[in-house]
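K.L.:
Structure below; questions to follow.
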Amino acid sequence: MQRYTYLSLAAGVAMAFPVTALAEERVCRGAIGAVTLDNVRVPQGARCTLDGTRVKGNIVVQRDATLLAGDVVVVGNVQAENHRSVTVEDGSRIGGSVQIKQGRAATVADARVTGDVQYESNTGELRIVRNRVGGNVQAFQNAGEFQIQRNTIDGNLQCKENRPAPVGGRNAVGGNKEDQCRRL
């Protein structure tokens with residue numbers, strides 16, 4: 001009888017003070033190998049290399065930071081704003097989207113992205129090559145050389161107001177090729 005009283009008391013305490021699960025964030029400066037993490041943040045000005053890393057959440061790249069990710073698995077998104085350079089390549093798999101905004105250079109190559117690949121208002125060399133994209137590829141208002149080549153895109157390939165216009169070709173697009181990318 002006493003055992004059930006303790007169990008009831010423990011259950012009542014647990015209900016009175018709910019436990020909140022917090023996802024841990026790993027700050028990356030340097031290199032991380034084949035481990036599993038919740039979320040990864042590349043802080044301002046840092047350089048991070050991920051090799052075979054598994055991320056259950058998102059990768060966030062901050063101002064003037066550099067990410068080099070090869071053979072990674074990310075359940076969530078890869079997001080960068082005001083970055084120096086972002087590279088996702090070599091068989092990487094992204095369960096969400098890749099969103100690269102207002103930074104410099106970026107490359108997504110030889111990867112699988114379930115969601116969208118979005119490049120917006122970047123100023124460096126940009127590449128989207130040999131990928132499988134489940135959503136759309138969108139390139140808006142970028143300045144600098146831009147190559148979009150040999151991708152399989154389930155959604156649309158949309159390019160507007162890039163200077164110069166993206167170059168490339170041999171993209172298999174399930175939706176529409178629009179504006180500056182209509183011939184790619």
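FYI, nothing fancy with the structure tokens labels: chains A, B, ... in order, residues from 1 per chain, ligands from 1 as they appear.
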Write out as a list in words which residues come within 10 Å of Thr114 of chain A when counting only C-alpha atoms, dropping same-chain ones fewer than 4 positions away.

P.N.:
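The filter keeps Val75, Gly76, Asn77, Arg93, Ile94, Gly95, Gly96, Ser97, Val98, Arg132, Val133, Gly134, Gly135, Asn136 and Asp154 of chain A.
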
K.L.:
Can you pull out the residues contacting Asp64 of chain A? Cut-off 7 Å, using only C-alpha atoms, and skip same-chain residues under 4 positions away; I want them as a VMD selection string.

P.N.:
chain A and resid 44 to 45 82 to 84

K.L.:
Which residues are close to Cys159 of chain A, i.e. within 8 Å by only C-alpha atoms, leaving aside same-chain residues fewer than 3 positions away? Reply as a PDB file with C-alpha atoms, in the first residue's frame.

P.N.:
```pdb
ATOM      1  CA  GLN A 138      14.625  30.503 -55.674  1.00  0.00           C
ATOM      2  CA  ALA A 139      17.298  33.098 -56.473  1.00  0.00           C
ATOM      3  CA  PHE A 140      16.378  36.732 -55.924  1.00  0.00           C
ATOM      4  CA  ASN A 162      20.095  38.806 -60.100  1.00  0.00           C
ATOM      5  CA  PRO A 166      22.530  32.988 -63.324  1.00  0.00           C
ATOM      6  CA  GLU A 178      10.751  31.335 -64.541  1.00  0.00           C
ATOM      7  CA  ASP A 179      12.229  34.722 -65.465  1.00  0.00           C
ATOM      8  CA  GLN A 180      16.046  34.693 -65.566  1.00  0.00           C
ATOM      9  CA  CYS A 181      16.113  30.891 -65.190  1.00  0.00           C
TER      10      CYS A 181
END
```

K.L.:
Write down as a VMD selection string the residues belonging to chain A that are assigned strand (DSSP E) by DSSP computed on the backbone.

P.N.:
chain A and resid 25 to 27 30 to 32 36 to 37 39 to 42 47 to 51 54 to 55 59 to 61 66 to 70 73 to 74 78 to 81 85 to 89 93 to 94 98 to 101 105 to 109 112 to 113 117 to 120 126 to 129 132 to 133 137 to 140 146 to 149 152 to 153 157 to 160 167 to 169 172 to 173 177 to 179

K.L.:
Could you list, as a JSON list (two decimals) with N, CA and C atoms, in the first residue's frame, every residue within 9 Å of Gln141 of chain A, counting only C-alpha atoms and ignoring same-chain residues fewer than 4 positions away?

P.N.:
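Listing of result_39.json after writing:
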```json
[["chain", "number", "residue", "atom", "x", "y", "z"],
["A", 119, "TYR", "N", 18.28, 31.52, -52.21],
["A", 119, "TYR", "CA", 19.41, 32.45, -52.13],
["A", 119, "TYR", "C", 18.82, 33.84, -52.37],
["A", 120, "GLU", "N", 19.03, 34.75, -51.43],
["A", 120, "GLU", "CA", 18.46, 36.10, -51.58],
["A", 120, "GLU", "C", 19.44, 37.17, -51.11],
["A", 121, "SER", "N", 19.71, 38.13, -52.00],
["A", 121, "SER", "CA", 20.50, 39.33, -51.68],
["A", 121, "SER", "C", 21.92, 39.01, -51.21],
["A", 122, "ASN", "N", 22.56, 38.04, -51.84],
["A", 122, "ASN", "CA", 23.95, 37.70, -51.54],
["A", 122, "ASN", "C", 24.88, 38.40, -52.54],
["A", 159, "CYS", "N", 14.05, 32.77, -60.71],
["A", 159, "CYS", "CA", 15.18, 33.69, -60.61],
["A", 159, "CYS", "C", 14.74, 35.09, -61.04],
["A", 160, "LYS", "N", 14.97, 36.07, -60.17],
["A", 160, "LYS", "CA", 14.58, 37.45, -60.47],
["A", 160, "LYS", "C", 15.62, 38.41, -59.94],
["A", 161, "GLU", "N", 15.91, 39.44, -60.73],
["A", 161, "GLU", "CA", 16.71, 40.59, -60.33],
["A", 161, "GLU", "C", 18.11, 40.22, -59.84],
["A", 162, "ASN", "N", 18.71, 39.15, -60.40],
["A", 162, "ASN", "CA", 20.10, 38.81, -60.10],
["A", 162, "ASN", "C", 20.99, 39.54, -61.10],
["A", 163, "ARG", "N", 22.13, 40.06, -60.64],
["A", 163, "ARG", "CA", 23.07, 40.79, -61.49],
["A", 163, "ARG", "C", 24.47, 40.26, -61.26]]
```

K.L.:
Suppose you want the space between atom CA of Asp51 of chain A and atom CA of Glu145 of chain A; what is it in Å?

P.N.:
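Straight-line distance from atom CA of Asp51 of chain A to atom CA of Glu145 of chain A works out to 27.0 Å.
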
K.L.:
Quick one: residues within 8 Å of Ile32 of chain A, only C-alpha atoms, excluding same-chain residues fewer than 6 positions away - as a list in words?

P.N.:
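Everything that qualifies: Cys48, Thr49, Leu50, Asp51 and Thr53 of chain A.
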
K.L.:
Which of these, A:Lys177, A:Gln158, A:Gln99, A:Ser92, has the shortest distance to Arg130 of chain A once you count only C-alpha atoms?

P.N.:
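Smallest separation from Arg130 of chain A among the options: A:Ser92.
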
K.L.:
What is the distance between atom CA of Gly103 of chain A and atom CA of Thr123 of chain A, in Å to one decimal?

P.N.:
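According to the coordinates, atom CA of Gly103 of chain A and atom CA of Thr123 of chain A are separated by 6.4 Å.
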
K.L.:
Separation of atom CA of Arg127 of chain A and atom CA of Cys28 of chain A, in Å?

P.N.:
23.9 Å

K.L.:
Between A:Val137, A:Val86, A:Val167, A:Val40, which one has atoms that come closest to Gln118 of chain A, using only C-alpha atoms?

P.N.:
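Among the listed residues, the smallest separation from Gln118 of chain A belongs to A:Val137.
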
K.L.:
Smallest atom-to-atom distance to Val108 of chain A: which of A:Glu25, A:Glu89, A:Asp71, A:Asp38, using only C-alpha atoms?

P.N.:
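When distances to Val108 of chain A are compared using only C-alpha atoms, the smallest one comes from A:Glu89.
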
K.L.:
Could you check which of A:Gly175, A:Gly155, A:Pro43, A:Pro164 is closest to Glu81 of chain A, using only C-alpha atoms?

P.N.:
A:Pro43

K.L.:
Mind the document's chain letters and residue numbers, and return as a list of chain:residue names the residues of segment 11-156 of chain A that DSSP labels helix (DSSP H, G or I).

P.N.:
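Residues meeting the helix (DSSP H, G or I) criterion: A:Ala11, A:Gly12, A:Val13, A:Ala14, A:Met15, A:Ala16.
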
K.L.:
Let me see the file: selected residues, N, CA and C atoms, as a PDB file, in the first residue's frame.

P.N.:
```pdb
ATOM      1  N   ALA A  11       3.653  11.007  -9.180  1.00  0.00           N
ATOM      2  CA  ALA A  11       2.881  11.396 -10.365  1.00  0.00           C
ATOM      3  C   ALA A  11       2.265  12.771 -10.172  1.00  0.00           C
ATOM      4  N   GLY A  12       1.766  13.044  -8.979  1.00  0.00           N
ATOM      5  CA  GLY A  12       1.178  14.357  -8.691  1.00  0.00           C
ATOM      6  C   GLY A  12       2.206  15.462  -8.766  1.00  0.00           C
ATOM      7  N   VAL A  13       3.420  15.224  -8.265  1.00  0.00           N
ATOM      8  CA  VAL A  13       4.491  16.217  -8.327  1.00  0.00           C
ATOM      9  C   VAL A  13       4.890  16.451  -9.772  1.00  0.00           C
ATOM     10  N   ALA A  14       5.001  15.397 -10.560  1.00  0.00           N
ATOM     11  CA  ALA A  14       5.382  15.519 -11.970  1.00  0.00           C
ATOM     12  C   ALA A  14       4.343  16.331 -12.738  1.00  0.00           C
ATOM     13  N   MET A  15       3.056  16.152 -12.420  1.00  0.00           N
ATOM     14  CA  MET A  15       2.017  16.913 -13.107  1.00  0.00           C
ATOM     15  C   MET A  15       2.017  18.367 -12.656  1.00  0.00           C
ATOM     16  N   ALA A  16       2.381  18.623 -11.412  1.00  0.00           N
ATOM     17  CA  ALA A  16       2.400  19.987 -10.899  1.00  0.00           C
ATOM     18  C   ALA A  16       3.583  20.779 -11.450  1.00  0.00           C
TER      19      ALA A  16
END
```

K.L.:
Show me, as a PyMOL selection string, the residues that have an atom within 7 Å of Gly168 of chain A when counting only C-alpha atoms, minus same-chain residues fewer than 4 positions from it.

P.N.:
chain A and resi 147-149+184
